[in-house]
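Down below is the structure, laid out as structure tokens.
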2 protein chains.
Amino acid sequence: MSTKGNMTRNKLMDIAERRILQKGFSATSIEDIITEAGISKGGFFYHFEGKDDLAYALMQRYREQDAFLFSGLFRRAEELLDDPLQQMLLFIKLLAEMMDQLEDLHPGCLVASFTYESHEVNDQVKAITADSVMDWRQLFSDQLNKVHQHYPPKLDVNTTDLADLLSTVIEGGIVVSRAIGDKKLLVRQLLEYRNYIRLLYEA
Amino acid sequence: MSTKGNMTRNKLMDIAERRILQKGFSATSIEDIITEAGISKGGFFYHFEGKDDLAYALMQRYREQDAFLFSGLFRRAEELLDDPLQQMLLFIKLLAEMMDQLEDLHPGCLVASFTYESHEVNDQVKAITADSVMDWRQLFSDQLNKVHQHYPPKLDVNTTDLADLLSTVIEGGIVVSRAIGDKKLLVRQLLEYRNYIRLLYEA
């Protein structure tokens with residue numbers, strides 16, 4: 001695809017993503033997206049077969065962005081520190097710092113949008129949404145497994161549940177911070193997760 | 001209102017709530033609700049001024065049900081145990097057990113539905129949604145404050161953030177469990193929260 005075509009596609013996706021996170025998937029119409037983008041309906045259908053195809057592309061991009069973000073932070077932690085526990089603690093701190101730099105409330109997560117409108121999205125979109133969550137589990141538990149091998153935990157835990165807890169804290173922290181309009185809540189919740197990991201594994 | 005009137009009102013609310021949690025607020029039409037309920041449009045408008053009024057009534061009921069549920073579990077824990085920390089740990093266990101008894105995935109939380117369609121609900125609905133979350137903070141931190149006064153925490157924490165973490169784990173646990181279709185995930189995540197409280201306060 002030409003650079004211009006790519007730019008249009010990305011622009012449509014950016015507009016759609018913002019609208020979905022604020023209004024939900026159902027209330028986001030192709031009409032509204034193309035009006036805001038200033039392109040024709042034909043232009044939209046050149047890039048996407050319809051709303052389901054758009055939703056799939058959005059989740060695919062979201063998944064790739066998250067993988068890029070999380071692996072980047074893990075790589076940075078590995079560059080700076082040798083100990084797997086300290087790397088994990090630094091990873092959470094770097095993630096919290098990134099959230100702290102957001103000027104406004106976290107815009108929301110597409111996983112939650114599609115999950116809370118599960119009867120409105122098709123099976124492919126549901127499947128890739130689940131895959132995104134499983135990617136997080138894999139990424140987080142890869143690091144937690146290294147920690148687990150080096151340090152005996154103070155309580156009987158497994159690294160899959162601990163990995164899921166980080167996804168849970170991110171998803172829940174976004175809901176709670178948006179619901180009460182407290183933009184620093186997500187950061188504070190990530191640091192509570194970090195406390196838990198410290199208490200579990202630190203000597 | 002007559003008992004029959006109340007029954008109709010409750011029936012409309014039950015249908016609306018289930019649909020909102022599955023399809024979102026926008027995609028839930030008055031038309032669909034009255035068709036499923038088998039009543040006339042006039043019947044609907046006898047009970048509610050419109051969709052915003054319905055959304056407000058749903059959140060009001062949800063808030064009352066949650067307060068009733070959480071206070072009931074705290075009272076039960078107080079009946080059974082004297083120590084504030086053990087009461088808190090029992091409360092979380094009883095809550096987790098209740099979630100464990102759900103036959104299917106947790107149906108979802110209206111707070112998350114309305115938050116993820118914040119541009120589709122009016123200011124009154126947004127306000128009562130925030131109030132619900134603040135109620136949880138109050139309820140959970142009341143108990144956590146008693147714990148905090150008796151036991152020195154192992155790390156520097158405040159009970160507001162710890163209270164919010166329970167709301168975060170519930171909200172996030174619902175999103176993650178629904179996203180990957182794992183109905184026991186929410187229970188396991190609640191038990192991770194319980195582990196954290198144990199590690200923080202147990203001698």
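Going through the structure tokens in order, the chains are called A, B, and so on, while each chain numbers its residues from 1 and the ligands are numbered from 1 in the order shown.
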Per residue of chain A within 8 Å of chain B, note the shortest atom pair and the distance in Å to one decimal, counting only C-alpha atoms, and order the rows by chain and increasing residue number, as JSON lines.
{"residue": "A:Leu21", "atom": "CA", "partner": "B:Tyr116", "partner_atom": "CA", "distance": 6.1}
{"residue": "A:Gln22", "atom": "CA", "partner": "B:Glu117", "partner_atom": "CA", "distance": 5.5}
{"residue": "A:Lys23", "atom": "CA", "partner": "B:Glu117", "partner_atom": "CA", "distance": 4.3}
{"residue": "A:Gly24", "atom": "CA", "partner": "B:Glu117", "partner_atom": "CA", "distance": 5.0}
{"residue": "A:Ser26", "atom": "CA", "partner": "B:Ala27", "partner_atom": "CA", "distance": 5.7}
{"residue": "A:Ala27", "atom": "CA", "partner": "B:Ser26", "partner_atom": "CA", "distance": 5.7}
{"residue": "A:Gly108", "atom": "CA", "partner": "B:Tyr116", "partner_atom": "CA", "distance": 7.5}
{"residue": "A:Val111", "atom": "CA", "partner": "B:Ala179", "partner_atom": "CA", "distance": 7.1}
{"residue": "A:Ala112", "atom": "CA", "partner": "B:Val175", "partner_atom": "CA", "distance": 5.9}
{"residue": "A:Ser113", "atom": "CA", "partner": "B:Tyr116", "partner_atom": "CA", "distance": 6.2}
{"residue": "A:Thr115", "atom": "CA", "partner": "B:Ala179", "partner_atom": "CA", "distance": 5.6}
{"residue": "A:Tyr116", "atom": "CA", "partner": "B:Leu21", "partner_atom": "CA", "distance": 6.1}
{"residue": "A:Glu117", "atom": "CA", "partner": "B:Lys23", "partner_atom": "CA", "distance": 4.3}
{"residue": "A:Ser118", "atom": "CA", "partner": "B:Gln22", "partner_atom": "CA", "distance": 5.8}
{"residue": "A:His119", "atom": "CA", "partner": "B:Lys23", "partner_atom": "CA", "distance": 5.0}
{"residue": "A:Glu120", "atom": "CA", "partner": "B:Lys23", "partner_atom": "CA", "distance": 5.7}
{"residue": "A:Lys126", "atom": "CA", "partner": "B:Ala179", "partner_atom": "CA", "distance": 7.5}
{"residue": "A:Thr129", "atom": "CA", "partner": "B:Ala179", "partner_atom": "CA", "distance": 6.6}
{"residue": "A:Ala130", "atom": "CA", "partner": "B:Ile180", "partner_atom": "CA", "distance": 4.7}
{"residue": "A:Asp131", "atom": "CA", "partner": "B:Ile180", "partner_atom": "CA", "distance": 7.8}
{"residue": "A:Val133", "atom": "CA", "partner": "B:Ile180", "partner_atom": "CA", "distance": 7.1}
{"residue": "A:Met134", "atom": "CA", "partner": "B:Ile180", "partner_atom": "CA", "distance": 7.7}
{"residue": "A:Leu155", "atom": "CA", "partner": "B:Asn195", "partner_atom": "CA", "distance": 7.5}
{"residue": "A:Asp161", "atom": "CA", "partner": "B:Gln189", "partner_atom": "CA", "distance": 7.0}
{"residue": "A:Leu162", "atom": "CA", "partner": "B:Glu192", "partner_atom": "CA", "distance": 7.6}
{"residue": "A:Asp164", "atom": "CA", "partner": "B:Gln189", "partner_atom": "CA", "distance": 7.8}
{"residue": "A:Leu165", "atom": "CA", "partner": "B:Gln189", "partner_atom": "CA", "distance": 6.2}
{"residue": "A:Ser167", "atom": "CA", "partner": "B:Val176", "partner_atom": "CA", "distance": 7.3}
{"residue": "A:Thr168", "atom": "CA", "partner": "B:Gly172", "partner_atom": "CA", "distance": 4.2}
{"residue": "A:Val169", "atom": "CA", "partner": "B:Gly172", "partner_atom": "CA", "distance": 6.0}
{"residue": "A:Ile170", "atom": "CA", "partner": "B:Gly172", "partner_atom": "CA", "distance": 7.1}
{"residue": "A:Glu171", "atom": "CA", "partner": "B:Gly172", "partner_atom": "CA", "distance": 4.6}
{"residue": "A:Gly172", "atom": "CA", "partner": "B:Gly172", "partner_atom": "CA", "distance": 3.5}
{"residue": "A:Gly173", "atom": "CA", "partner": "B:Thr168", "partner_atom": "CA", "distance": 5.2}
{"residue": "A:Val175", "atom": "CA", "partner": "B:Ala112", "partner_atom": "CA", "distance": 5.9}
{"residue": "A:Val176", "atom": "CA", "partner": "B:Thr168", "partner_atom": "CA", "distance": 6.3}
{"residue": "A:Arg178", "atom": "CA", "partner": "B:Thr115", "partner_atom": "CA", "distance": 6.5}
{"residue": "A:Ala179", "atom": "CA", "partner": "B:Ala130", "partner_atom": "CA", "distance": 5.3}
{"residue": "A:Ile180", "atom": "CA", "partner": "B:Ala130", "partner_atom": "CA", "distance": 4.7}
{"residue": "A:Arg188", "atom": "CA", "partner": "B:Asp161", "partner_atom": "CA", "distance": 7.0}
{"residue": "A:Gln189", "atom": "CA", "partner": "B:Leu165", "partner_atom": "CA", "distance": 6.2}
{"residue": "A:Glu192", "atom": "CA", "partner": "B:Leu165", "partner_atom": "CA", "distance": 7.5}
{"residue": "A:Asn195", "atom": "CA", "partner": "B:Leu155", "partner_atom": "CA", "distance": 7.5}
{"residue": "A:Tyr196", "atom": "CA", "partner": "B:Tyr196", "partner_atom": "CA", "distance": 5.5}
{"residue": "A:Leu199", "atom": "CA", "partner": "B:Leu199", "partner_atom": "CA", "distance": 6.3}
{"residue": "A:Leu200", "atom": "CA", "partner": "B:Leu199", "partner_atom": "CA", "distance": 7.4}
Report as JSON, numbers by chain: the residues of stretch 105-197 of chain A with a DSSP assignment of helix (DSSP H, G or I), based on the backbone of this structure. {"A": [110, 111, 112, 113, 114, 115, 118, 119, 120, 123, 124, 125, 126, 127, 128, 129, 130, 131, 132, 133, 134, 135, 136, 137, 138, 139, 140, 141, 142, 143, 144, 145, 146, 147, 148, 149, 150, 159, 160, 161, 162, 163, 164, 165, 166, 167, 168, 169, 170, 171, 172, 173, 174, 175, 176, 177, 178, 179, 180, 185, 186, 187, 188, 189, 190, 191, 192, 193, 194, 195, 196, 197]}
Counting only C-alpha atoms, what is within 12 Å of B:Leu80, bar same-chain residues fewer than 6 positions away, as an MDAnalysis selection string? chainID B and resid 73:74 86:91 94
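For the pair atom CA of B:Ser71 and atom CA of B:Leu139, the separation is 7.6 Å.
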Would you compute the distance between atom CA of B:Leu105 and atom CA of B:Ala57? Give it in Å to one decimal. 24.3 Å
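Atom CA of A:Tyr56 lies 20.9 Å from atom CA of A:Ile39.
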